[in-house]
Amino acid sequence: MTEEALDVVVVGSCMTDLVSQAPRLPKAGETIHGHNFFIGFGGKGANQCVQASRLGVKTAMICKVGKDFFGNNYIQNFQDNNVHTDFVWQTSDAATGAASITINDAGENAIVIVAGANMLLSREDLQEALPAIKKAKVLLCQLEINPQTSLQALQMARDNKVKTIFNPAPAIPDLDSDFYKVSDVFCCNESEAELLTGCTVTNVEEAHGAAQVLLQRGCGAVIVTLGPQGCVVLKAQDSTSTHVPATPVTPVDTTGAGDSFIGALAFYMANHSTMNLEEMARRANQVAGVSVRAAGTQKSFPFKKDLPAELFH
């Protein structure tokens with residue numbers, strides 16, 4: 001596989017979501033009956049990779065899963081979504097990452113995440129995957145694995161003139177300042193922007209301010225996503241940021257919408273490299289808008305055939 005060119009390479013996490021739906025959340029020590037259970041494929045890295053792949057680019061995932069039932073299933077899920085799995089390693093030292101999610105009838109949830117094998121992805125693994133990283137057009141990272149591994153991957157991409165997208169999620173307050181310098185596009189949502197800048201981000205105006213603060217730390221461009229309000233885009237060469245509104249949709253389930261947006265952004269950066277970032281963001285908003293109209297995370301992500309043709313010209 002390393003012989004062929006890749007468009008998008010994602011270094012990140014895989015999580016198996018174990019989802020129970022119940023009338024309410026149980027109290028400590030209490031057992032209650034739920035009315036629905038399903039197992040879903042999640043993890044920010046894997047979600048973003050699957051969305052990019054469904055839009056029609058060659059993708060590869062660099063990650064670690066357990067030598068267990070969930071790990072085997074996850075590899076099969078990648079293959080079903082045309083994601084290259086040469087660098088999806090299985091380890092016997094930890095279980096595949098898992099999230100136990102309980103959702104009540106009001107849509108509130110309680111989640112326990114065990115990162116497991118995700119935390120064992122190491123620098124040595126990245127060296128082994130270097131041939132794939134070198135051939136990529138875009139490399140994408142988040143923070144659901146060891147942050148130093150993500151930073152190393154972004155640095156390796158930059159050294160090989162590969163475009164980088166960094167999604168600082170879940171956000172950490174003491175983010176290593178080098179992350180900004182190795183990000184061609186630094187893409188976060190409003191709560192992550194708040195945590196990283198200390199500014200309140202509840203509307204477009206405040207997002208403009210937060211984007212300015214983040215850009216000054218050394219990124220090539222900043223995108224702050226604002227859910228139904230679209231996003232704000234600020235590039236190093238511009239003095240002002242642009243608000244890119246989203247088309248209004250009636251959401252069924254917003255889980256994974258941010259990952260759908262970033263996966264779509266990676267697709268456009270790899271496949272339409274001459275398009276301006278604002279237009280890429282506008283189209284990524286539309287892709288994410290389709291994902292919120294169906295339940296589930298990856299299973300709600302649209303394929304190219306489900307989307308209007310003009311998104312691909």
# chains A, B, ... in the order shown; residues from 1 in each chain; ligands from 1
$ residues_around --residues "stretch 22-35 of chain A" --least-positions-apart "2" --cutoff "10 Å" --atoms "only C-alpha atoms" --output "VMD selection string"
chain A and resid 19 to 20 37 102 to 110
$ write_last_selection --atoms "C-alpha atoms" --output "PDB file, in the first residue's frame"
ATOM      1  CA  VAL A  19     -24.699   2.841  23.828  1.00  0.00           C
ATOM      2  CA  SER A  20     -27.656   2.181  26.162  1.00  0.00           C
ATOM      3  CA  PHE A  37     -28.713  -0.924  23.012  1.00  0.00           C
ATOM      4  CA  THR A 102     -26.007   6.007  28.629  1.00  0.00           C
ATOM      5  CA  ILE A 103     -28.588   8.333  27.072  1.00  0.00           C
ATOM      6  CA  ASN A 104     -31.872   9.312  28.721  1.00  0.00           C
ATOM      7  CA  ASP A 105     -35.143  10.177  26.959  1.00  0.00           C
ATOM      8  CA  ALA A 106     -34.340  13.889  27.184  1.00  0.00           C
ATOM      9  CA  GLY A 107     -31.173  13.269  25.170  1.00  0.00           C
ATOM     10  CA  GLU A 108     -28.808  13.885  28.110  1.00  0.00           C
ATOM     11  CA  ASN A 109     -25.935  11.466  28.431  1.00  0.00           C
ATOM     12  CA  ALA A 110     -23.380  10.067  30.866  1.00  0.00           C
TER      13      ALA A 110
END
$ select_by_dssp --residues "stretch 35-245 of chain A" --states "helix (DSSP H, G or I)" --output "number ranges by chain"
A: 44-54, 69-80, 116-120, 123-128, 130-135, 147-159, 178-181, 190-197, 204-215, 227-229
$ residues_around --residues "stretch 302-306 of chain A" --least-positions-apart "4" --cutoff "7 Å" --atoms "only C-alpha atoms" --output "list in words"
Arg54, Leu55, Gly56, Val290 and Ser291 of chain A
$ write_last_selection --atoms "N, CA and C atoms" --output "short mmCIF file (atom, residue, chain, number, x, y, z; two decimals), in the first residue's frame"
data_model
loop_
_atom_site.label_atom_id
_atom_site.label_comp_id
_atom_site.auth_asym_id
_atom_site.auth_seq_id
_atom_site.Cartn_x
_atom_site.Cartn_y
_atom_site.Cartn_z
N ARG A 54 -15.37 8.41 2.68
CA ARG A 54 -16.70 8.31 2.05
C ARG A 54 -16.92 9.38 0.97
N LEU A 55 -16.14 10.46 1.04
CA LEU A 55 -16.27 11.51 0.02
C LEU A 55 -15.43 11.19 -1.22
N GLY A 56 -14.59 10.15 -1.10
CA GLY A 56 -13.90 9.69 -2.30
C GLY A 56 -12.41 9.95 -2.39
N VAL A 290 -25.64 17.36 6.60
CA VAL A 290 -26.32 16.12 6.20
C VAL A 290 -26.17 15.07 7.31
N SER A 291 -24.98 15.04 7.95
CA SER A 291 -24.75 14.02 8.98
C SER A 291 -25.67 14.17 10.19
#
$ closest_residue --among "A:Leu120, A:Leu215, A:Val138, A:Val114" --to "A:Leu265" --atoms "only C-alpha atoms"
A:Val138
$ residues_around --residues "A:Asn160" --least-positions-apart "5" --cutoff "9 Å" --atoms "only C-alpha atoms" --output "count of residues only"
4
$ atom_distance --atom1 "atom CA of A:Gln21" --atom2 "atom CA of A:Met119"
28.3 Å
$ residues_around --residues "A:Arg283" --least-positions-apart "5" --cutoff "9 Å" --atoms "only C-alpha atoms" --output "PyMOL selection string"
chain A and resi 261+264-265+268+278+288+311
$ decode --residues "stretch 197-223 of chain A" --atoms "N, CA and C atoms" --output "PDB file, in the first residue's frame"
ATOM      1  N   THR A 197      -8.065  29.809  24.752  1.00  0.00           N
ATOM      2  CA  THR A 197      -7.774  31.251  24.735  1.00  0.00           C
ATOM      3  C   THR A 197      -8.169  31.965  26.022  1.00  0.00           C
ATOM      4  N   GLY A 198      -9.088  31.363  26.785  1.00  0.00           N
ATOM      5  CA  GLY A 198      -9.612  32.047  27.964  1.00  0.00           C
ATOM      6  C   GLY A 198     -10.678  33.074  27.608  1.00  0.00           C
ATOM      7  N   CYS A 199     -11.004  33.203  26.310  1.00  0.00           N
ATOM      8  CA  CYS A 199     -12.075  34.138  25.894  1.00  0.00           C
ATOM      9  C   CYS A 199     -13.401  33.384  25.860  1.00  0.00           C
ATOM     10  N   THR A 200     -14.499  34.085  26.147  1.00  0.00           N
ATOM     11  CA  THR A 200     -15.824  33.465  25.989  1.00  0.00           C
ATOM     12  C   THR A 200     -16.119  33.393  24.498  1.00  0.00           C
ATOM     13  N   VAL A 201     -16.653  32.246  24.045  1.00  0.00           N
ATOM     14  CA  VAL A 201     -16.997  32.118  22.618  1.00  0.00           C
ATOM     15  C   VAL A 201     -18.424  31.577  22.517  1.00  0.00           C
ATOM     16  N   THR A 202     -19.390  32.495  22.412  1.00  0.00           N
ATOM     17  CA  THR A 202     -20.787  32.059  22.325  1.00  0.00           C
ATOM     18  C   THR A 202     -21.429  32.513  21.021  1.00  0.00           C
ATOM     19  N   ASN A 203     -20.751  33.416  20.299  1.00  0.00           N
ATOM     20  CA  ASN A 203     -21.335  33.915  19.048  1.00  0.00           C
ATOM     21  C   ASN A 203     -20.236  34.209  18.030  1.00  0.00           C
ATOM     22  N   VAL A 204     -20.655  34.629  16.858  1.00  0.00           N
ATOM     23  CA  VAL A 204     -19.718  34.864  15.752  1.00  0.00           C
ATOM     24  C   VAL A 204     -18.680  35.927  16.123  1.00  0.00           C
ATOM     25  N   GLU A 205     -19.137  37.009  16.749  1.00  0.00           N
ATOM     26  CA  GLU A 205     -18.239  38.114  17.110  1.00  0.00           C
ATOM     27  C   GLU A 205     -17.115  37.625  18.026  1.00  0.00           C
ATOM     28  N   GLU A 206     -17.504  36.859  19.058  1.00  0.00           N
ATOM     29  CA  GLU A 206     -16.499  36.352  20.007  1.00  0.00           C
ATOM     30  C   GLU A 206     -15.582  35.329  19.346  1.00  0.00           C
ATOM     31  N   ALA A 207     -16.126  34.571  18.383  1.00  0.00           N
ATOM     32  CA  ALA A 207     -15.298  33.590  17.655  1.00  0.00           C
ATOM     33  C   ALA A 207     -14.228  34.305  16.834  1.00  0.00           C
ATOM     34  N   HIS A 208     -14.577  35.479  16.250  1.00  0.00           N
ATOM     35  CA  HIS A 208     -13.586  36.278  15.513  1.00  0.00           C
ATOM     36  C   HIS A 208     -12.414  36.621  16.446  1.00  0.00           C
ATOM     37  N   GLY A 209     -12.735  37.058  17.668  1.00  0.00           N
ATOM     38  CA  GLY A 209     -11.712  37.439  18.647  1.00  0.00           C
ATOM     39  C   GLY A 209     -10.820  36.268  19.036  1.00  0.00           C
ATOM     40  N   ALA A 210     -11.447  35.106  19.301  1.00  0.00           N
ATOM     41  CA  ALA A 210     -10.682  33.915  19.696  1.00  0.00           C
ATOM     42  C   ALA A 210      -9.774  33.466  18.550  1.00  0.00           C
ATOM     43  N   ALA A 211     -10.285  33.550  17.312  1.00  0.00           N
ATOM     44  CA  ALA A 211      -9.489  33.140  16.146  1.00  0.00           C
ATOM     45  C   ALA A 211      -8.228  33.996  16.027  1.00  0.00           C
ATOM     46  N   GLN A 212      -8.371  35.312  16.304  1.00  0.00           N
ATOM     47  CA  GLN A 212      -7.211  36.222  16.256  1.00  0.00           C
ATOM     48  C   GLN A 212      -6.145  35.784  17.266  1.00  0.00           C
ATOM     49  N   VAL A 213      -6.594  35.444  18.474  1.00  0.00           N
ATOM     50  CA  VAL A 213      -5.662  35.031  19.538  1.00  0.00           C
ATOM     51  C   VAL A 213      -4.922  33.754  19.119  1.00  0.00           C
ATOM     52  N   LEU A 214      -5.680  32.790  18.578  1.00  0.00           N
ATOM     53  CA  LEU A 214      -5.072  31.510  18.184  1.00  0.00           C
ATOM     54  C   LEU A 214      -4.090  31.696  17.024  1.00  0.00           C
ATOM     55  N   LEU A 215      -4.466  32.537  16.060  1.00  0.00           N
ATOM     56  CA  LEU A 215      -3.612  32.747  14.887  1.00  0.00           C
ATOM     57  C   LEU A 215      -2.262  33.338  15.297  1.00  0.00           C
ATOM     58  N   GLN A 216      -2.295  34.226  16.283  1.00  0.00           N
ATOM     59  CA  GLN A 216      -1.053  34.876  16.726  1.00  0.00           C
ATOM     60  C   GLN A 216      -0.070  33.880  17.336  1.00  0.00           C
ATOM     61  N   ARG A 217      -0.560  32.688  17.655  1.00  0.00           N
ATOM     62  CA  ARG A 217       0.336  31.680  18.253  1.00  0.00           C
ATOM     63  C   ARG A 217       1.113  30.903  17.179  1.00  0.00           C
ATOM     64  N   GLY A 218       0.844  31.222  15.903  1.00  0.00           N
ATOM     65  CA  GLY A 218       1.706  30.651  14.869  1.00  0.00           C
ATOM     66  C   GLY A 218       1.080  29.711  13.851  1.00  0.00           C
ATOM     67  N   CYS A 219      -0.264  29.542  13.869  1.00  0.00           N
ATOM     68  CA  CYS A 219      -0.855  28.632  12.860  1.00  0.00           C
ATOM     69  C   CYS A 219      -0.947  29.323  11.500  1.00  0.00           C
ATOM     70  N   GLY A 220      -1.110  28.519  10.460  1.00  0.00           N
ATOM     71  CA  GLY A 220      -1.290  29.077   9.121  1.00  0.00           C
ATOM     72  C   GLY A 220      -2.682  29.652   8.941  1.00  0.00           C
ATOM     73  N   ALA A 221      -3.679  28.995   9.550  1.00  0.00           N
ATOM     74  CA  ALA A 221      -5.078  29.448   9.476  1.00  0.00           C
ATOM     75  C   ALA A 221      -5.831  28.851  10.651  1.00  0.00           C
ATOM     76  N   VAL A 222      -6.908  29.528  11.040  1.00  0.00           N
ATOM     77  CA  VAL A 222      -7.734  29.042  12.152  1.00  0.00           C
ATOM     78  C   VAL A 222      -9.184  28.944  11.679  1.00  0.00           C
ATOM     79  N   ILE A 223      -9.832  27.832  12.039  1.00  0.00           N
ATOM     80  CA  ILE A 223     -11.282  27.723  11.826  1.00  0.00           C
ATOM     81  C   ILE A 223     -11.908  27.438  13.189  1.00  0.00           C
TER      82      ILE A 223
END
